[in-house]
>>> print(open('structure04.cif').read())   # mmCIF, C-alpha atoms
data_my_file
#
loop_
_atom_site.group_PDB
_atom_site.id
_atom_site.type_symbol
_atom_site.label_atom_id
_atom_site.label_comp_id
_atom_site.auth_asym_id
_atom_site.auth_seq_id
_atom_site.Cartn_x
_atom_site.Cartn_y
_atom_site.Cartn_z
ATOM 1 C CA MET I 292 -42.036 14.116 5.976
ATOM 2 C CA SER I 293 -38.512 13.635 7.153
ATOM 3 C CA SER I 294 -35.062 14.405 5.810
ATOM 4 C CA SER I 295 -32.554 11.594 5.792
ATOM 5 C CA LYS I 296 -29.885 10.894 3.226
ATOM 6 C CA SER I 297 -29.498 7.358 4.597
ATOM 7 C CA THR I 298 -33.005 6.456 3.392
ATOM 8 C CA THR I 299 -32.895 8.353 0.108
ATOM 9 C CA THR I 300 -31.462 7.235 -3.224
ATOM 10 C CA PHE I 301 -29.184 9.816 -4.823
ATOM 11 C CA THR I 302 -27.564 9.276 -8.215
ATOM 12 C CA LYS I 303 -23.795 9.499 -8.331
ATOM 13 C CA SER I 304 -23.275 10.460 -11.968
ATOM 14 C CA CYS I 305 -25.082 11.768 -15.016
ATOM 15 C CA SER I 306 -25.095 8.315 -16.618
ATOM 16 C CA ASP I 307 -26.631 6.827 -13.462
ATOM 17 C CA GLY I 308 -29.371 9.454 -13.577
ATOM 18 C CA LEU I 309 -30.141 8.807 -17.233
ATOM 19 C CA GLU I 310 -30.297 5.058 -16.668
ATOM 20 C CA LEU I 311 -32.586 5.548 -13.675
ATOM 21 C CA LEU I 312 -34.923 7.874 -15.571
ATOM 22 C CA SER I 313 -34.993 5.720 -18.685
ATOM 23 C CA GLU I 314 -35.823 2.583 -16.710
ATOM 24 C CA ALA I 315 -38.536 4.419 -14.755
ATOM 25 C CA LEU I 316 -40.148 5.671 -17.971
ATOM 26 C CA ASP I 317 -40.098 2.205 -19.510
ATOM 27 C CA SER I 318 -41.866 0.680 -16.525
ATOM 28 C CA ALA I 319 -44.439 3.466 -16.065
ATOM 29 C CA GLU I 320 -48.007 3.214 -17.303
ATOM 30 C CA ALA I 321 -48.502 6.951 -16.741
ATOM 31 C CA VAL I 322 -46.276 9.934 -16.008
ATOM 32 C CA VAL I 323 -47.227 12.907 -13.851
ATOM 33 C CA VAL I 324 -44.777 15.785 -14.314
ATOM 34 C CA GLY I 325 -44.459 18.463 -11.660
ATOM 35 C CA ALA I 326 -42.523 21.476 -12.950
ATOM 36 C CA GLY I 327 -41.153 24.399 -10.969
ATOM 37 C CA ALA I 328 -39.096 27.506 -11.608
ATOM 38 C CA GLY I 329 -35.915 25.464 -11.942
ATOM 39 C CA LEU I 330 -37.099 24.114 -15.281
ATOM 40 C CA SER I 331 -37.383 27.588 -16.832
ATOM 41 C CA ALA I 332 -34.106 28.622 -15.198
ATOM 42 C CA ALA I 333 -32.479 25.605 -16.856
ATOM 43 C CA ALA I 334 -33.873 26.885 -20.163
ATOM 44 C CA GLY I 335 -31.915 30.112 -19.621
ATOM 45 C CA PHE I 336 -34.826 32.271 -18.510
ATOM 46 C CA ASP I 337 -33.106 33.647 -15.424
ATOM 47 C CA TYR I 338 -34.625 36.497 -13.454
ATOM 48 C CA ALA I 339 -31.219 37.967 -12.630
ATOM 49 C CA GLY I 340 -27.946 38.496 -14.465
ATOM 50 C CA PRO I 341 -27.577 39.893 -18.009
ATOM 51 C CA ARG I 342 -31.161 39.172 -18.948
ATOM 52 C CA PHE I 343 -32.301 41.438 -16.130
ATOM 53 C CA THR I 344 -29.673 44.161 -16.410
ATOM 54 C CA GLU I 345 -30.081 44.539 -20.178
ATOM 55 C CA ASN I 346 -33.828 45.080 -19.970
ATOM 56 C CA PHE I 347 -34.218 47.012 -16.713
ATOM 57 C CA ALA I 348 -31.133 49.222 -16.490
ATOM 58 C CA ASP I 349 -33.174 52.352 -15.719
ATOM 59 C CA PHE I 350 -35.127 50.686 -12.909
ATOM 60 C CA ILE I 351 -31.922 49.209 -11.511
ATOM 61 C CA GLU I 352 -30.263 52.630 -11.498
ATOM 62 C CA LYS I 353 -33.233 54.287 -9.787
ATOM 63 C CA TYR I 354 -34.162 51.625 -7.242
ATOM 64 C CA GLY I 355 -31.183 49.304 -6.952
ATOM 65 C CA PHE I 356 -33.145 46.221 -7.977
ATOM 66 C CA THR I 357 -31.177 42.986 -8.066
ATOM 67 C CA ASP I 358 -33.578 40.697 -9.926
ATOM 68 C CA MET I 359 -36.989 40.640 -11.587
ATOM 69 C CA TYR I 360 -38.637 38.477 -8.967
ATOM 70 C CA SER I 361 -37.974 40.638 -5.926
ATOM 71 C CA ALA I 362 -38.562 43.816 -7.963
ATOM 72 C CA SER I 363 -42.042 42.603 -8.901
ATOM 73 C CA PHE I 364 -43.136 43.071 -5.275
ATOM 74 C CA PHE I 365 -41.935 46.686 -5.134
ATOM 75 C CA ARG I 366 -44.480 49.447 -4.531
ATOM 76 C CA PHE I 367 -43.848 51.675 -7.508
ATOM 77 C CA GLY I 368 -44.569 55.384 -7.662
ATOM 78 C CA GLY I 369 -47.960 55.083 -9.309
ATOM 79 C CA GLU I 370 -49.694 52.890 -11.862
ATOM 80 C CA ALA I 371 -47.906 54.427 -14.851
ATOM 81 C CA GLU I 372 -44.505 53.428 -13.469
ATOM 82 C CA ARG I 373 -45.713 50.032 -12.240
ATOM 83 C CA TRP I 374 -47.002 49.086 -15.676
ATOM 84 C CA ALA I 375 -43.829 50.309 -17.353
ATOM 85 C CA PHE I 376 -41.952 47.719 -15.299
ATOM 86 C CA TRP I 377 -44.543 44.974 -15.531
ATOM 87 C CA SER I 378 -45.131 45.303 -19.273
ATOM 88 C CA ARG I 379 -41.418 44.727 -19.875
ATOM 89 C CA LEU I 380 -41.380 41.773 -17.501
ATOM 90 C CA ILE I 381 -44.412 40.194 -19.184
ATOM 91 C CA CYS I 382 -43.064 40.687 -22.713
ATOM 92 C CA LEU I 383 -39.654 39.344 -21.814
ATOM 93 C CA ASN I 384 -40.856 36.237 -20.019
ATOM 94 C CA ARG I 385 -44.201 35.443 -21.639
ATOM 95 C CA TYR I 386 -44.334 36.748 -25.202
ATOM 96 C CA ASP I 387 -40.789 37.250 -26.504
ATOM 97 C CA ALA I 388 -39.103 34.197 -24.972
ATOM 98 C CA PRO I 389 -38.892 31.247 -27.384
ATOM 99 C CA ALA I 390 -39.705 27.698 -26.328
ATOM 100 C CA GLY I 391 -36.841 26.547 -24.135
ATOM 101 C CA ALA I 392 -34.791 23.486 -25.091
ATOM 102 C CA PRO I 393 -35.607 21.544 -21.882
ATOM 103 C CA TYR I 394 -39.325 21.892 -22.608
ATOM 104 C CA LEU I 395 -38.852 20.660 -26.173
ATOM 105 C CA ASP I 396 -36.751 17.733 -24.936
ATOM 106 C CA LEU I 397 -39.358 16.844 -22.325
ATOM 107 C CA LEU I 398 -42.097 16.855 -24.950
ATOM 108 C CA GLU I 399 -40.171 14.363 -27.074
ATOM 109 C CA ILE I 400 -39.448 12.178 -24.043
ATOM 110 C CA LEU I 401 -43.164 12.045 -23.229
ATOM 111 C CA ARG I 402 -44.375 11.650 -26.802
ATOM 112 C CA GLY I 403 -46.707 8.677 -27.110
ATOM 113 C CA ARG I 404 -47.031 8.336 -23.335
ATOM 114 C CA ASP I 405 -49.999 8.931 -21.078
ATOM 115 C CA TYR I 406 -48.927 12.027 -19.151
ATOM 116 C CA PHE I 407 -50.154 15.085 -17.310
ATOM 117 C CA VAL I 408 -48.271 18.201 -16.212
ATOM 118 C CA ILE I 409 -48.896 20.309 -13.129
ATOM 119 C CA THR I 410 -46.742 23.427 -12.850
ATOM 120 C CA THR I 411 -46.275 26.509 -10.733
ATOM 121 C CA ASN I 412 -44.619 28.280 -13.663
ATOM 122 C CA VAL I 413 -46.521 31.159 -15.247
ATOM 123 C CA ASP I 414 -44.484 31.753 -18.416
ATOM 124 C CA HIS I 415 -46.489 29.648 -20.925
ATOM 125 C CA GLN I 416 -43.442 27.570 -21.872
ATOM 126 C CA PHE I 417 -45.306 24.272 -22.054
ATOM 127 C CA GLN I 418 -47.774 25.623 -24.622
ATOM 128 C CA LYS I 419 -44.963 27.209 -26.626
ATOM 129 C CA ALA I 420 -43.173 23.872 -26.768
ATOM 130 C CA GLY I 421 -46.299 22.192 -28.128
ATOM 131 C CA PHE I 422 -47.701 20.328 -25.130
ATOM 132 C CA ASP I 423 -51.387 19.446 -25.289
ATOM 133 C CA LYS I 424 -53.190 22.200 -23.375
ATOM 134 C CA LYS I 425 -55.656 19.651 -22.015
ATOM 135 C CA ARG I 426 -52.777 17.878 -20.258
ATOM 136 C CA LEU I 427 -51.586 21.010 -18.424
ATOM 137 C CA PHE I 428 -52.584 22.548 -15.108
ATOM 138 C CA TYR I 429 -51.103 25.992 -14.388
ATOM 139 C CA THR I 430 -51.934 26.287 -10.702
ATOM 140 C CA GLN I 431 -50.463 29.735 -10.043
ATOM 141 C CA GLY I 432 -51.752 31.764 -12.980
ATOM 142 C CA ASP I 433 -50.330 33.125 -16.206
ATOM 143 C CA TYR I 434 -48.319 36.234 -17.105
ATOM 144 C CA GLY I 435 -50.598 36.549 -20.114
ATOM 145 C CA LEU I 436 -53.751 37.143 -18.053
ATOM 146 C CA TRP I 437 -55.172 40.082 -16.118
ATOM 147 C CA GLN I 438 -57.956 40.107 -13.573
ATOM 148 C CA CYS I 439 -59.866 42.671 -11.538
ATOM 149 C CA SER I 440 -57.755 43.617 -8.521
ATOM 150 C CA ARG I 441 -60.733 43.617 -6.138
ATOM 151 C CA PRO I 442 -61.812 41.150 -7.689
ATOM 152 C CA CYS I 443 -65.398 41.955 -8.604
ATOM 153 C CA HIS I 444 -65.815 38.833 -10.768
ATOM 154 C CA ASN I 445 -64.010 35.613 -11.676
ATOM 155 C CA SER I 446 -62.989 36.248 -15.267
ATOM 156 C CA THR I 447 -59.513 36.827 -16.685
ATOM 157 C CA TYR I 448 -58.394 38.775 -19.753
ATOM 158 C CA GLY I 449 -55.628 38.232 -22.290
ATOM 159 C CA ASN I 450 -53.146 41.107 -22.238
ATOM 160 C CA GLU I 451 -50.711 40.697 -25.156
ATOM 161 C CA ALA I 452 -51.848 43.601 -27.346
ATOM 162 C CA ALA I 453 -52.093 46.010 -24.404
ATOM 163 C CA VAL I 454 -48.750 44.921 -22.962
ATOM 164 C CA ARG I 455 -46.899 45.286 -26.236
ATOM 165 C CA ARG I 456 -48.316 48.769 -26.664
ATOM 166 C CA MET I 457 -47.156 49.695 -23.149
ATOM 167 C CA VAL I 458 -43.644 48.530 -23.956
ATOM 168 C CA SER I 459 -43.467 50.452 -27.228
ATOM 169 C CA GLU I 460 -45.005 53.705 -25.950
ATOM 170 C CA GLN I 461 -43.504 54.071 -22.455
ATOM 171 C CA GLU I 462 -41.117 56.951 -21.765
ATOM 172 C CA ASN I 463 -39.052 57.786 -18.694
ATOM 173 C CA MET I 464 -40.205 54.601 -17.001
ATOM 174 C CA ARG I 465 -43.890 55.453 -17.365
ATOM 175 C CA VAL I 466 -46.640 54.311 -19.685
ATOM 176 C CA PRO I 467 -49.151 56.864 -21.026
ATOM 177 C CA GLU I 468 -52.032 57.363 -18.607
ATOM 178 C CA GLU I 469 -54.566 56.184 -21.191
ATOM 179 C CA LEU I 470 -52.847 52.794 -21.338
ATOM 180 C CA ILE I 471 -53.221 52.050 -17.623
ATOM 181 C CA PRO I 472 -55.555 49.019 -17.569
ATOM 182 C CA ARG I 473 -58.767 48.945 -15.573
ATOM 183 C CA CYS I 474 -61.431 46.331 -14.910
ATOM 184 C CA PRO I 475 -64.030 46.453 -17.722
ATOM 185 C CA ARG I 476 -66.831 45.884 -15.210
ATOM 186 C CA CYS I 477 -66.114 48.007 -12.131
ATOM 187 C CA GLY I 478 -63.302 50.301 -13.286
ATOM 188 C CA ALA I 479 -60.887 49.234 -10.561
ATOM 189 C CA PRO I 480 -57.202 48.741 -11.459
ATOM 190 C CA VAL I 481 -56.427 45.348 -12.922
ATOM 191 C CA SER I 482 -53.812 43.062 -11.421
ATOM 192 C CA MET I 483 -51.836 40.130 -12.717
ATOM 193 C CA ASN I 484 -53.571 36.769 -12.573
ATOM 194 C CA LEU I 485 -50.861 35.395 -10.287
ATOM 195 C CA ARG I 486 -51.405 33.673 -6.966
ATOM 196 C CA VAL I 487 -49.699 36.127 -4.633
ATOM 197 C CA ASP I 488 -52.576 36.708 -2.198
ATOM 198 C CA GLY I 489 -56.205 35.878 -1.546
ATOM 199 C CA THR I 490 -57.485 37.892 -4.518
ATOM 200 C CA PHE I 491 -56.247 35.374 -7.093
ATOM 201 C CA VAL I 492 -59.013 34.546 -9.572
ATOM 202 C CA GLU I 493 -59.563 30.903 -10.453
ATOM 203 C CA ASP I 494 -61.458 31.300 -13.725
ATOM 204 C CA ASP I 495 -63.352 28.687 -15.740
ATOM 205 C CA GLY I 496 -60.181 27.577 -17.523
ATOM 206 C CA TRP I 497 -58.380 27.087 -14.211
ATOM 207 C CA HIS I 498 -61.193 24.937 -12.817
ATOM 208 C CA ALA I 499 -61.432 22.872 -16.009
ATOM 209 C CA ALA I 500 -57.688 22.130 -15.835
ATOM 210 C CA ALA I 501 -57.965 21.242 -12.137
ATOM 211 C CA ARG I 502 -60.749 18.770 -12.934
ATOM 212 C CA ARG I 503 -58.744 17.165 -15.722
ATOM 213 C CA TYR I 504 -55.746 16.774 -13.395
ATOM 214 C CA THR I 505 -57.887 15.197 -10.670
ATOM 215 C CA GLU I 506 -59.502 12.861 -13.194
ATOM 216 C CA PHE I 507 -56.084 11.810 -14.521
ATOM 217 C CA LEU I 508 -54.848 10.979 -11.026
ATOM 218 C CA ARG I 509 -58.032 9.073 -10.251
ATOM 219 C CA ALA I 510 -57.814 7.092 -13.496
ATOM 220 C CA HIS I 511 -54.289 5.940 -12.632
ATOM 221 C CA GLU I 512 -54.765 5.441 -8.911
ATOM 222 C CA GLY I 513 -52.974 2.250 -7.884
ATOM 223 C CA GLY I 514 -51.219 1.975 -11.241
ATOM 224 C CA ALA I 515 -47.552 2.079 -12.206
ATOM 225 C CA THR I 516 -47.253 5.854 -12.163
ATOM 226 C CA LEU I 517 -44.047 7.848 -12.369
ATOM 227 C CA PHE I 518 -44.169 11.145 -10.490
ATOM 228 C CA LEU I 519 -41.408 13.166 -12.162
ATOM 229 C CA GLU I 520 -40.502 16.395 -10.402
ATOM 230 C CA LEU I 521 -38.413 18.944 -12.337
ATOM 231 C CA GLY I 522 -36.907 22.034 -10.718
ATOM 232 C CA VAL I 523 -39.365 22.283 -7.841
ATOM 233 C CA GLY I 524 -38.036 24.247 -4.876
ATOM 234 C CA GLY I 525 -39.282 24.773 -1.349
ATOM 235 C CA ASN I 526 -41.380 27.921 -1.818
ATOM 236 C CA THR I 527 -44.685 26.115 -2.359
ATOM 237 C CA PRO I 528 -44.087 22.439 -1.495
ATOM 238 C CA GLY I 529 -47.773 21.862 -0.837
ATOM 239 C CA ILE I 530 -48.631 22.168 -4.535
ATOM 240 C CA ILE I 531 -46.326 19.590 -6.138
ATOM 241 C CA LYS I 532 -43.648 18.164 -3.871
ATOM 242 C CA PHE I 533 -45.653 16.995 -0.848
ATOM 243 C CA PRO I 534 -48.635 15.654 -2.860
ATOM 244 C CA PHE I 535 -46.273 13.742 -5.178
ATOM 245 C CA MET I 536 -44.556 12.199 -2.164
ATOM 246 C CA ARG I 537 -47.835 11.312 -0.465
ATOM 247 C CA MET I 538 -49.268 9.702 -3.598
ATOM 248 C CA THR I 539 -46.073 7.699 -4.152
ATOM 249 C CA ALA I 540 -45.972 6.501 -0.557
ATOM 250 C CA ALA I 541 -49.634 5.431 -0.753
ATOM 251 C CA ASN I 542 -49.222 3.473 -3.996
ATOM 252 C CA PRO I 543 -46.789 0.516 -3.924
ATOM 253 C CA ARG I 544 -46.571 0.611 -7.735
ATOM 254 C CA ALA I 545 -45.718 4.321 -7.954
ATOM 255 C CA ARG I 546 -42.281 5.873 -8.200
ATOM 256 C CA TYR I 547 -41.031 9.380 -7.449
ATOM 257 C CA ILE I 548 -37.986 10.944 -9.109
ATOM 258 C CA SER I 549 -36.826 14.521 -8.579
ATOM 259 C CA VAL I 550 -34.313 16.243 -10.862
ATOM 260 C CA ASN I 551 -32.754 19.324 -9.308
ATOM 261 C CA LEU I 552 -29.432 20.987 -8.604
ATOM 262 C CA SER I 553 -29.894 20.852 -4.845
ATOM 263 C CA ASP I 554 -30.422 18.090 -2.312
ATOM 264 C CA ASP I 555 -33.955 17.112 -1.520
ATOM 265 C CA PHE I 556 -35.757 14.970 1.000
ATOM 266 C CA ALA I 557 -38.153 12.042 1.070
ATOM 267 C CA PRO I 558 -40.411 10.416 3.637
ATOM 268 C CA ALA I 559 -38.894 7.522 5.573
ATOM 269 C CA SER I 560 -41.460 5.062 4.179
ATOM 270 C CA ALA I 561 -40.785 3.216 0.904
ATOM 271 C CA PRO I 562 -37.389 4.896 0.310
ATOM 272 C CA GLU I 563 -36.531 2.506 -2.518
ATOM 273 C CA ARG I 564 -39.208 4.199 -4.666
ATOM 274 C CA PHE I 565 -37.894 7.743 -4.045
ATOM 275 C CA SER I 566 -34.905 8.852 -6.110
ATOM 276 C CA PHE I 567 -33.128 12.167 -6.650
ATOM 277 C CA VAL I 568 -31.040 13.102 -9.640
ATOM 278 C CA ARG I 569 -28.658 15.890 -8.754
ATOM 279 C CA GLY I 570 -27.701 17.872 -11.810
ATOM 280 C CA ASN I 571 -28.517 20.380 -14.500
ATOM 281 C CA ILE I 572 -32.063 19.783 -15.726
ATOM 282 C CA ALA I 573 -31.311 20.932 -19.275
ATOM 283 C CA GLU I 574 -28.372 18.552 -19.623
ATOM 284 C CA THR I 575 -30.315 15.709 -18.025
ATOM 285 C CA LEU I 576 -33.335 16.039 -20.306
ATOM 286 C CA ALA I 577 -31.175 16.493 -23.414
ATOM 287 C CA GLY I 578 -29.189 13.391 -22.476
ATOM 288 C CA LEU I 579 -32.330 11.395 -21.771
ATOM 289 C CA ARG I 580 -33.875 12.397 -25.096
ATOM 290 C CA ALA I 581 -30.724 11.403 -26.975
ATOM 291 C CA ARG I 582 -30.408 8.130 -25.086
ATOM 292 C CA ARG I 583 -33.984 7.118 -25.829
ATOM 293 C CA ALA I 584 -33.769 8.190 -29.475
ATOM 294 C CA ALA I 585 -30.718 5.959 -29.914
ATOM 295 C CA ALA I 586 -32.311 2.966 -28.202
#
>>> encode(input="structure04.cif", output="structure tokens")
Amino acid sequence: MSSSKSTTTFTKSCSDGLELLSEALDSAEAVVVGAGAGLSAAAGFDYAGPRFTENFADFIEKYGFTDMYSASFFRFGGEAERWAFWSRLICLNRYDAPAGAPYLDLLEILRGRDYFVITTNVDHQFQKAGFDKKRLFYTQGDYGLWQCSRPCHNSTYGNEAAVRRMVSEQENMRVPEELIPRCPRCGAPVSMNLRVDGTFVEDDGWHAAARRYTEFLRAHEGGATLFLELGVGGNTPGIIKFPFMRMTAANPRARYISVNLSDDFAPASAPERFSFVRGNIAETLAGLRARRAAA
């Protein structure tokens, strides 16, 4: 991989970006969407700002937290306090958040097309928007799932009822001791089913989704495939960004388009098939949906 603006196509205006995206969709036989945190941020689900301060004022006052993401790595003073924080975070981002407008727009843009989505997001937004679950691969886990922290086995557990009870019954930044979740098999503390270290559990559902994603890529290998990257940053480029670029470079009929607020980079080979739309993802998808509806 190399970074070079001289070999990379950047759009100069919103209308240019919409025209580029619309033309790429029209010529694609299949679309592979890679979605990162920027897509949910564009939907208004920020981890800092008013959304954070309104829901975590007590934790902010006690610990000086600046955002939900960095606070989630904090070593709290015991399990009761940790789950008071985490239950709020899960409810806010997984259960109480409505389907974001960019997700709904993307669904309409892809309607009737052969597509698959791979995402590092863990907030369940694609399912809320109505995407076909069998066309989704959540590589990094799900806020709605727990696992054994050891882990003693490779199963995950839905947590909505337990989480909502923690939120409603917590006092003084602590949940009641009897609500602290433990592994039903070994009794160890549970942890979030999020890929933060080597204990992440890839359960049967995860492996089934991985197989479907691999099969989709294999079925369209060598075809006119659009690799559409939305809001993917540099934290985990090996999951979406680098594979998308490699697959595009290897397939003369493929095309790669990234929509993001920041600059990006592309390999030096086949630069004419690598494009970057600088701009707000929500505005871009809304504009693209409107443009295609009017066509």
>>> closest_residue(input="structure04.cif", among="I:Gly369, I:Pro389, I:Gly308, I:Gly435", to="Tyr448 (chain I)", atoms="all atoms listed in the file")
I:Gly435
>>> residues_around(input="structure04.cif", residues="Phe535 (chain I)", least_positions_apart="4", cutoff="8 Å", atoms="only C-alpha atoms", output="MDAnalysis selection string")
chainID I and resid 518 531 539 547
>>> write_last_selection(input="structure04.cif", atoms="C-alpha atoms", output="PDB file, in the frame of the given file")
ATOM      1  CA  PHE I 518     -44.169  11.145 -10.490  1.00  0.00           C
ATOM      2  CA  ILE I 531     -46.326  19.590  -6.138  1.00  0.00           C
ATOM      3  CA  THR I 539     -46.073   7.699  -4.152  1.00  0.00           C
ATOM      4  CA  TYR I 547     -41.031   9.380  -7.449  1.00  0.00           C
TER       5      TYR I 547
END
>>> atom_distance(input="structure04.cif", atom1="CA of Trp374 (chain I)", atom2="CA of Phe347 (chain I)")
13.0 Å
>>> closest_atom_pairs(input="structure04.cif", of="region 493-530 of chain I", to="region 412-430 of chain I", cutoff="10 Å", atoms="only C-alpha atoms", output="Markdown table")
| residue | atom | partner | partner_atom | distance |
| --- | --- | --- | --- | --- |
| I:Glu493 | CA | I:Thr430 | CA | 8.9 |
| I:Gly496 | CA | I:Phe428 | CA | 9.4 |
| I:Trp497 | CA | I:Tyr429 | CA | 7.4 |
| I:His498 | CA | I:Phe428 | CA | 9.2 |
| I:Ala499 | CA | I:Phe428 | CA | 8.9 |
| I:Ala500 | CA | I:Phe428 | CA | 5.2 |
| I:Ala501 | CA | I:Phe428 | CA | 6.3 |
| I:Arg502 | CA | I:Phe428 | CA | 9.3 |
| I:Arg503 | CA | I:Lys425 | CA | 7.4 |
| I:Tyr504 | CA | I:Phe428 | CA | 6.8 |
| I:Phe507 | CA | I:Arg426 | CA | 9.0 |
| I:Val523 | CA | I:Asn412 | CA | 9.9 |
| I:Ile530 | CA | I:Thr430 | CA | 8.1 |
>>> resolve_selection(input="structure04.cif", expression="the PyMOL selection byres ((chain I and resi 575) around 12)", output="number ranges by chain")
I: 304-313, 330, 333-334, 392-394, 396-397, 400, 521-522, 549-552, 568-574, 576-582
>>> write_last_selection(input="structure04.cif", atoms="C-alpha atoms", output="mmCIF file, keeping the file's coordinate frame")
data_model
loop_
_atom_site.group_PDB
_atom_site.id
_atom_site.type_symbol
_atom_site.label_atom_id
_atom_site.label_comp_id
_atom_site.auth_asym_id
_atom_site.auth_seq_id
_atom_site.Cartn_x
_atom_site.Cartn_y
_atom_site.Cartn_z
ATOM 1 C CA SER I 304 -23.275 10.460 -11.968
ATOM 2 C CA CYS I 305 -25.082 11.768 -15.016
ATOM 3 C CA SER I 306 -25.095 8.315 -16.618
ATOM 4 C CA ASP I 307 -26.631 6.827 -13.462
ATOM 5 C CA GLY I 308 -29.371 9.454 -13.577
ATOM 6 C CA LEU I 309 -30.141 8.807 -17.233
ATOM 7 C CA GLU I 310 -30.297 5.058 -16.668
ATOM 8 C CA LEU I 311 -32.586 5.548 -13.675
ATOM 9 C CA LEU I 312 -34.923 7.874 -15.571
ATOM 10 C CA SER I 313 -34.993 5.720 -18.685
ATOM 11 C CA LEU I 330 -37.099 24.114 -15.281
ATOM 12 C CA ALA I 333 -32.479 25.605 -16.856
ATOM 13 C CA ALA I 334 -33.873 26.885 -20.163
ATOM 14 C CA ALA I 392 -34.791 23.486 -25.091
ATOM 15 C CA PRO I 393 -35.607 21.544 -21.882
ATOM 16 C CA TYR I 394 -39.325 21.892 -22.608
ATOM 17 C CA ASP I 396 -36.751 17.733 -24.936
ATOM 18 C CA LEU I 397 -39.358 16.844 -22.325
ATOM 19 C CA ILE I 400 -39.448 12.178 -24.043
ATOM 20 C CA LEU I 521 -38.413 18.944 -12.337
ATOM 21 C CA GLY I 522 -36.907 22.034 -10.718
ATOM 22 C CA SER I 549 -36.826 14.521 -8.579
ATOM 23 C CA VAL I 550 -34.313 16.243 -10.862
ATOM 24 C CA ASN I 551 -32.754 19.324 -9.308
ATOM 25 C CA LEU I 552 -29.432 20.987 -8.604
ATOM 26 C CA VAL I 568 -31.040 13.102 -9.640
ATOM 27 C CA ARG I 569 -28.658 15.890 -8.754
ATOM 28 C CA GLY I 570 -27.701 17.872 -11.810
ATOM 29 C CA ASN I 571 -28.517 20.380 -14.500
ATOM 30 C CA ILE I 572 -32.063 19.783 -15.726
ATOM 31 C CA ALA I 573 -31.311 20.932 -19.275
ATOM 32 C CA GLU I 574 -28.372 18.552 -19.623
ATOM 33 C CA LEU I 576 -33.335 16.039 -20.306
ATOM 34 C CA ALA I 577 -31.175 16.493 -23.414
ATOM 35 C CA GLY I 578 -29.189 13.391 -22.476
ATOM 36 C CA LEU I 579 -32.330 11.395 -21.771
ATOM 37 C CA ARG I 580 -33.875 12.397 -25.096
ATOM 38 C CA ALA I 581 -30.724 11.403 -26.975
ATOM 39 C CA ARG I 582 -30.408 8.130 -25.086
#
>>> axis_aligned_box(input="structure04.cif", around="region 443-446 of chain I", padding_each_side="8 Å", output="lines of an AutoDock Vina configuration file")
center_x = -64.4
center_y = 38.8
center_z = -11.9
size_x = 18.8
size_y = 22.3
size_z = 22.7
>>> closest_residue(input="structure04.cif", among="I:Asp317, I:Met536, I:Ile548, I:Asn463", to="Phe567 (chain I)", atoms="all atoms listed in the file")
I:Ile548
>>> atom_distance(input="structure04.cif", atom1="CA of Ala452 (chain I)", atom2="CA of Arg465 (chain I)")
17.4 Å
>>> residues_around(input="structure04.cif", residues="Pro480 (chain I)", least_positions_apart="4", cutoff="10 Å", atoms="all atoms listed in the file", output="ChimeraX atom specification")
/I:370,438-442,471-475
>>> atom_distance(input="structure04.cif", atom1="CA of Gly478 (chain I)", atom2="CA of Cys382 (chain I)")
24.3 Å
>>> residues_around(input="structure04.cif", residues="region 362-367 of chain I", least_positions_apart="3", cutoff="12 Å", atoms="all atoms listed in the file", output="JSON, numbers by chain")
{"I": [338, 339, 343, 347, 350, 351, 353, 354, 355, 356, 357, 358, 359, 370, 371, 372, 373, 374, 375, 376, 377, 378, 379, 380, 381, 464, 465, 483, 485, 487, 488]}
>>> resolve_selection(input="structure04.cif", expression="the PyMOL selection byres ((chain I and resi 534) around 12)", output="MDAnalysis selection string")
chainID I and resid 292 323 325 409 508 518 520 527:533 535:541 547 557:558
>>> closest_residue(input="structure04.cif", among="I:Ala584, I:Ala319, I:Glu462, I:Ala545", to="Glu399 (chain I)", atoms="only C-alpha atoms")
I:Ala584
>>> closest_residue(input="structure04.cif", among="I:Ala515, I:Val492, I:Ala453, I:Ala326", to="Phe407 (chain I)", atoms="only C-alpha atoms")
I:Ala326
>>> closest_residue(input="structure04.cif", among="I:Asn526, I:Thr516, I:Ser459, I:Ser553", to="Asp405 (chain I)", atoms="all atoms listed in the file")
I:Thr516
>>> closest_residue(input="structure04.cif", among="I:Gly525, I:Gly489, I:Glu320, I:Asp433", to="Ala510 (chain I)", atoms="all atoms listed in the file")
I:Glu320
